[in-house]
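The structure appears below as structure tokens.
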Amino acid sequence: IGAMNTGREKAILNDMYTAFIQGGVSIVAASRTAANFPVSARVSGCRVSPDRHYVDLFVSKRSGAPLLAVLMEGAPLAVCFTQPSTHQCIQLKSSFSVVQELDPKAEKILPRYVNSLAADVAGFGYSEAFVRALLGTTPDDLVTIRFKPEAAFQQTPGPLAGTSLNT
């Protein structure tokens with residue numbers, strides 16, 4: 001994906017943002033068709049590479065089919081990571097991504113992600129069963145979208161919404 005990392009390039013994600021996007025956040029990935037029709041999918045979990053240069057999103061093949069189709073055609077990707085209890089939100093963008101099979105190591109991430117998101121929305125009266133139904137998938141239905149973030153933005157409502165995190 002993109003140019004090879006030479007080791008001199010700075011990752012867009014710092015430790016704080018890496019922890020945030022891998023925590024109990026609601027994740028929605030989006031793109032567009034060739035006719036500029038929006039497509040999106042709920043993401044069932046996230047993993048950041050150890051060097052913080054790549055992000056893996058776990059998406060249902062069934063419910064995410066329209067998004068996966070346009071990404072496989074080379075459409076750009078935008079992903080919002082939102083903490084429901086605080087509305088804190090960041091958005092990552094990439095001009096290119098790769099859709100690949102889910103690796104067995106990713107399956108271990110899914111329960112942690114569901115549990116973290118369930119804990120965050122519990123204060124609103126939503127149960128873990130609700131979160132499981134919302135994400136509604138099994139590992140055999142998931143694929144990985146791997147991308148290299150090229151831009152990051154603060155999207156938390158307020159005066160800083162839309163500002164770049166790359167500076």
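Every chain in the structure tokens takes a letter, A first, then B, and so on in the order presented; its residues are numbered from 1, and the ligands are numbered from 1 following the presented order.
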Skipping near chain neighbours, those fewer than 5 positions away, what residues fall within 7 Å of Pro76 in chain A using only C-alpha atoms, listed as a short mmCIF file (atom, residue, chain, number, x, y, z; two decimals) with all heavy atoms, in the first residue's frame?
```
data_model
loop_
_atom_site.label_atom_id
_atom_site.label_comp_id
_atom_site.auth_asym_id
_atom_site.auth_seq_id
_atom_site.Cartn_x
_atom_site.Cartn_y
_atom_site.Cartn_z
N SER A 31 -16.90 5.53 1.54
CA SER A 31 -16.26 5.86 0.27
C SER A 31 -17.35 6.34 -0.68
O SER A 31 -18.42 6.78 -0.23
CB SER A 31 -15.51 4.66 -0.31
OG SER A 31 -14.72 5.07 -1.42
N LEU A 71 -14.00 -0.14 -2.90
CA LEU A 71 -12.61 -0.11 -2.48
C LEU A 71 -11.75 -1.01 -3.36
O LEU A 71 -10.61 -0.66 -3.70
CB LEU A 71 -12.48 -0.52 -1.01
CG LEU A 71 -13.11 0.43 0.01
CD1 LEU A 71 -12.94 -0.11 1.42
CD2 LEU A 71 -12.52 1.83 -0.11
N SER A 94 -7.56 7.95 3.34
CA SER A 94 -6.54 7.31 2.53
C SER A 94 -7.03 7.26 1.09
O SER A 94 -8.22 7.04 0.84
CB SER A 94 -6.26 5.89 3.04
OG SER A 94 -5.23 5.28 2.30
N SER A 95 -6.12 7.43 0.16
CA SER A 95 -6.50 7.38 -1.25
C SER A 95 -6.60 5.96 -1.77
O SER A 95 -7.14 5.73 -2.84
CB SER A 95 -5.51 8.19 -2.10
OG SER A 95 -4.20 7.67 -1.94
N PHE A 96 -6.10 4.99 -0.99
CA PHE A 96 -6.08 3.60 -1.46
C PHE A 96 -6.11 2.64 -0.27
O PHE A 96 -5.56 2.93 0.78
CB PHE A 96 -4.79 3.37 -2.28
CG PHE A 96 -4.71 2.02 -2.89
CD1 PHE A 96 -5.49 1.68 -3.99
CD2 PHE A 96 -3.87 1.06 -2.36
CE1 PHE A 96 -5.41 0.41 -4.56
CE2 PHE A 96 -3.79 -0.21 -2.92
CZ PHE A 96 -4.56 -0.53 -4.02
#
```
Could you pull out the residues in chain A that DSSP calls helix (DSSP H, G or I) from the backbone, as a short mmCIF file (atom, residue, chain, number, x, y, z; two decimals) with N, CA and C atoms, in the first residue's frame?
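What follows is the written file part23.cif:
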```cif
data_model
loop_
_atom_site.label_atom_id
_atom_site.label_comp_id
_atom_site.auth_asym_id
_atom_site.auth_seq_id
_atom_site.Cartn_x
_atom_site.Cartn_y
_atom_site.Cartn_z
N ASP A 15 0.71 7.70 19.81
CA ASP A 15 0.25 6.69 20.77
C ASP A 15 -1.17 6.95 21.27
N MET A 16 -1.49 8.22 21.52
CA MET A 16 -2.81 8.57 22.03
C MET A 16 -3.91 8.23 21.02
N TYR A 17 -3.72 8.61 19.76
CA TYR A 17 -4.73 8.32 18.73
C TYR A 17 -4.80 6.83 18.43
N THR A 18 -3.67 6.16 18.49
CA THR A 18 -3.65 4.71 18.28
C THR A 18 -4.50 4.01 19.35
N ALA A 19 -4.30 4.39 20.61
CA ALA A 19 -5.09 3.81 21.69
C ALA A 19 -6.57 4.15 21.52
N PHE A 20 -6.86 5.37 21.12
CA PHE A 20 -8.25 5.80 20.95
C PHE A 20 -8.97 4.96 19.90
N ILE A 21 -8.39 4.82 18.70
CA ILE A 21 -9.12 4.13 17.63
C ILE A 21 -9.23 2.63 17.85
N ALA A 65 -20.70 -5.17 1.66
CA ALA A 65 -20.44 -5.48 0.26
C ALA A 65 -20.34 -4.25 -0.65
N PRO A 66 -21.25 -3.27 -0.57
CA PRO A 66 -21.12 -2.11 -1.45
C PRO A 66 -19.81 -1.33 -1.23
N LEU A 67 -19.43 -1.16 0.04
CA LEU A 67 -18.18 -0.47 0.33
C LEU A 67 -16.99 -1.28 -0.17
N LEU A 68 -16.97 -2.57 0.12
CA LEU A 68 -15.86 -3.41 -0.30
C LEU A 68 -15.70 -3.39 -1.82
N ALA A 69 -16.81 -3.39 -2.54
CA ALA A 69 -16.75 -3.39 -4.01
C ALA A 69 -16.06 -2.14 -4.54
N VAL A 70 -16.41 -0.96 -4.01
CA VAL A 70 -15.79 0.26 -4.53
C VAL A 70 -14.33 0.37 -4.10
N LEU A 71 -14.00 -0.14 -2.90
CA LEU A 71 -12.61 -0.11 -2.48
C LEU A 71 -11.75 -1.01 -3.36
N MET A 72 -12.29 -2.16 -3.76
CA MET A 72 -11.54 -3.06 -4.64
C MET A 72 -11.36 -2.45 -6.04
N PRO A 104 -6.20 -15.14 11.36
CA PRO A 104 -6.66 -15.69 12.65
C PRO A 104 -6.31 -14.81 13.85
N LYS A 105 -5.23 -14.05 13.82
CA LYS A 105 -4.86 -13.18 14.94
C LYS A 105 -5.91 -12.10 15.17
N ALA A 106 -6.55 -11.68 14.10
CA ALA A 106 -7.56 -10.62 14.21
C ALA A 106 -8.77 -11.09 15.01
N GLU A 107 -9.08 -12.37 14.94
CA GLU A 107 -10.24 -12.90 15.66
C GLU A 107 -10.15 -12.65 17.15
N LYS A 108 -8.93 -12.56 17.69
CA LYS A 108 -8.74 -12.31 19.12
C LYS A 108 -9.06 -10.87 19.49
N ILE A 109 -9.01 -9.98 18.53
CA ILE A 109 -9.28 -8.56 18.77
C ILE A 109 -10.77 -8.30 18.90
N LEU A 110 -11.58 -9.05 18.18
CA LEU A 110 -13.01 -8.77 18.10
C LEU A 110 -13.72 -8.77 19.45
N PRO A 111 -13.53 -9.78 20.32
CA PRO A 111 -14.22 -9.72 21.62
C PRO A 111 -13.81 -8.51 22.47
N ARG A 112 -12.54 -8.15 22.43
CA ARG A 112 -12.06 -6.99 23.20
C ARG A 112 -12.73 -5.73 22.69
N TYR A 113 -12.85 -5.61 21.38
CA TYR A 113 -13.48 -4.43 20.80
C TYR A 113 -14.96 -4.36 21.19
N VAL A 114 -15.67 -5.47 21.04
CA VAL A 114 -17.10 -5.51 21.39
C VAL A 114 -17.28 -5.18 22.87
N ASN A 115 -16.47 -5.76 23.73
CA ASN A 115 -16.57 -5.50 25.17
C ASN A 115 -16.31 -4.03 25.50
N SER A 116 -15.32 -3.43 24.84
CA SER A 116 -14.99 -2.02 25.09
C SER A 116 -16.12 -1.10 24.63
N LEU A 117 -16.66 -1.37 23.45
CA LEU A 117 -17.76 -0.54 22.96
C LEU A 117 -19.00 -0.73 23.83
N ALA A 118 -19.27 -1.97 24.23
CA ALA A 118 -20.43 -2.25 25.10
C ALA A 118 -20.30 -1.51 26.43
N ALA A 119 -19.10 -1.48 26.99
CA ALA A 119 -18.88 -0.77 28.25
C ALA A 119 -19.13 0.72 28.08
N ASP A 120 -18.74 1.27 26.93
CA ASP A 120 -18.92 2.70 26.70
C ASP A 120 -20.40 3.08 26.57
N VAL A 121 -21.20 2.25 25.93
CA VAL A 121 -22.61 2.60 25.72
C VAL A 121 -23.54 2.09 26.82
N ALA A 122 -22.99 1.33 27.76
CA ALA A 122 -23.81 0.78 28.86
C ALA A 122 -24.49 1.89 29.65
N GLY A 123 -23.82 3.02 29.81
CA GLY A 123 -24.39 4.14 30.55
C GLY A 123 -25.64 4.72 29.89
N PHE A 124 -25.84 4.44 28.63
CA PHE A 124 -27.02 4.89 27.90
C PHE A 124 -28.12 3.85 27.92
N GLU A 128 -24.68 -5.37 26.16
CA GLU A 128 -23.67 -6.03 25.33
C GLU A 128 -24.35 -6.77 24.19
N ALA A 129 -25.52 -7.34 24.45
CA ALA A 129 -26.28 -8.04 23.40
C ALA A 129 -26.63 -7.07 22.26
N PHE A 130 -26.97 -5.83 22.61
CA PHE A 130 -27.27 -4.83 21.58
C PHE A 130 -26.04 -4.58 20.72
N VAL A 131 -24.88 -4.40 21.36
CA VAL A 131 -23.65 -4.12 20.61
C VAL A 131 -23.31 -5.30 19.71
N ARG A 132 -23.46 -6.51 20.23
CA ARG A 132 -23.20 -7.70 19.41
C ARG A 132 -24.15 -7.74 18.20
N ALA A 133 -25.41 -7.39 18.41
CA ALA A 133 -26.37 -7.38 17.31
C ALA A 133 -26.04 -6.26 16.31
N LEU A 134 -25.60 -5.11 16.82
CA LEU A 134 -25.22 -3.99 15.96
C LEU A 134 -24.07 -4.36 15.05
N LEU A 135 -23.07 -5.01 15.62
CA LEU A 135 -21.90 -5.41 14.83
C LEU A 135 -22.20 -6.68 14.06
N PRO A 139 -16.52 -14.23 12.67
CA PRO A 139 -15.23 -14.14 11.98
C PRO A 139 -15.26 -14.68 10.54
N ASP A 140 -16.06 -15.69 10.25
CA ASP A 140 -16.09 -16.22 8.88
C ASP A 140 -16.76 -15.26 7.90
N ASP A 141 -17.46 -14.24 8.39
CA ASP A 141 -18.09 -13.23 7.54
C ASP A 141 -17.22 -11.99 7.37
#
```
Shell around Lys93 in chain A at 6 Å using only C-alpha atoms, local window under 5 positions removed, as a PyMOL selection string
chain A and resi 77-78+149-151
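When the distance limit is 9 Å and only C-alpha atoms are what count, the residues near Gln100 in chain A, minus those fewer than 5 positions from it on the same chain, are A:Val143, A:Thr144, A:Ile145, A:Arg146.
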Selection above as a file: all heavy atoms, as an mmCIF file, in the first residue's frame:
```
data_model
loop_
_atom_site.group_PDB
_atom_site.id
_atom_site.type_symbol
_atom_site.label_atom_id
_atom_site.label_comp_id
_atom_site.auth_asym_id
_atom_site.auth_seq_id
_atom_site.Cartn_x
_atom_site.Cartn_y
_atom_site.Cartn_z
ATOM 1 N N VAL A 143 -13.794 -9.588 6.551
ATOM 2 C CA VAL A 143 -12.578 -9.380 5.782
ATOM 3 C C VAL A 143 -11.848 -8.202 6.419
ATOM 4 O O VAL A 143 -12.412 -7.487 7.257
ATOM 5 C CB VAL A 143 -12.850 -9.092 4.291
ATOM 6 C CG1 VAL A 143 -13.422 -10.315 3.594
ATOM 7 C CG2 VAL A 143 -13.740 -7.886 4.097
ATOM 8 N N THR A 144 -10.618 -7.996 5.999
ATOM 9 C CA THR A 144 -9.809 -6.890 6.496
ATOM 10 C C THR A 144 -9.656 -5.844 5.402
ATOM 11 O O THR A 144 -9.354 -6.181 4.261
ATOM 12 C CB THR A 144 -8.410 -7.392 6.910
ATOM 13 O OG1 THR A 144 -8.552 -8.372 7.931
ATOM 14 C CG2 THR A 144 -7.540 -6.254 7.418
ATOM 15 N N ILE A 145 -9.863 -4.597 5.768
ATOM 16 C CA ILE A 145 -9.503 -3.474 4.901
ATOM 17 C C ILE A 145 -8.227 -2.902 5.512
ATOM 18 O O ILE A 145 -8.241 -2.420 6.641
ATOM 19 C CB ILE A 145 -10.595 -2.382 4.871
ATOM 20 C CG1 ILE A 145 -11.906 -2.929 4.331
ATOM 21 C CG2 ILE A 145 -10.114 -1.179 4.052
ATOM 22 C CD1 ILE A 145 -13.076 -1.961 4.479
ATOM 23 N N ARG A 146 -7.138 -2.967 4.789
ATOM 24 C CA ARG A 146 -5.858 -2.407 5.267
ATOM 25 C C ARG A 146 -5.593 -1.121 4.496
ATOM 26 O O ARG A 146 -5.702 -1.076 3.279
ATOM 27 C CB ARG A 146 -4.721 -3.382 5.060
ATOM 28 C CG ARG A 146 -3.366 -2.736 5.386
ATOM 29 C CD ARG A 146 -2.289 -3.746 5.505
ATOM 30 N NE ARG A 146 -2.316 -4.167 6.901
ATOM 31 C CZ ARG A 146 -1.252 -4.585 7.569
ATOM 32 N NH1 ARG A 146 -0.093 -4.702 6.971
ATOM 33 N NH2 ARG A 146 -1.353 -4.944 8.827
#
```
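CA of Tyr126 in chain A to CA of Cys80 in chain A spans 21.0 Å [interatomic distance, one decimal].
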Given only C-alpha atoms as the counted atoms, nearest of A:Thr138, A:Ser49, A:Ser44, A:Gln83 to Ala11 in chain A:
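That would be A:Ser49, the residue with the smallest distance to Ala11 in chain A.
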What is the distance between CA of Arg47 in chain A and CA of Val79 in chain A, in Å to one decimal?
13.2 Å
Could you give me, as an NGL selection string, the residues within 6 Å of Gly162 in chain A, counting only C-alpha atoms and dropping anything in the same chain fewer than 6 positions from it?
:A and (153-155)
So that I can check the surroundings of Ala161 in chain A, please list as a PyMOL selection string every protein, DNA and RNA residue that reaches within 12 Å of it, counting only C-alpha atoms and ignoring chain neighbours fewer than 3 positions away.
chain A and resi 87-91+152-158+164-165
CA of Val55 in chain A to CA of Phe147 in chain A: how many Å, to one decimal?
5.5 Å
Restricting to only C-alpha atoms, whichever of A:Ala41, A:Val48, A:Leu102, A:Leu160 is closest to Leu13 in chain A is A:Val48
Could you please write out, as an MDAnalysis selection string, every residue of range 3-167 of chain A that DSSP assigns to strand (DSSP E)?
chainID A and resid 26:32 38:48 55:60 77:82 89:94 97:101 142:147 151:154
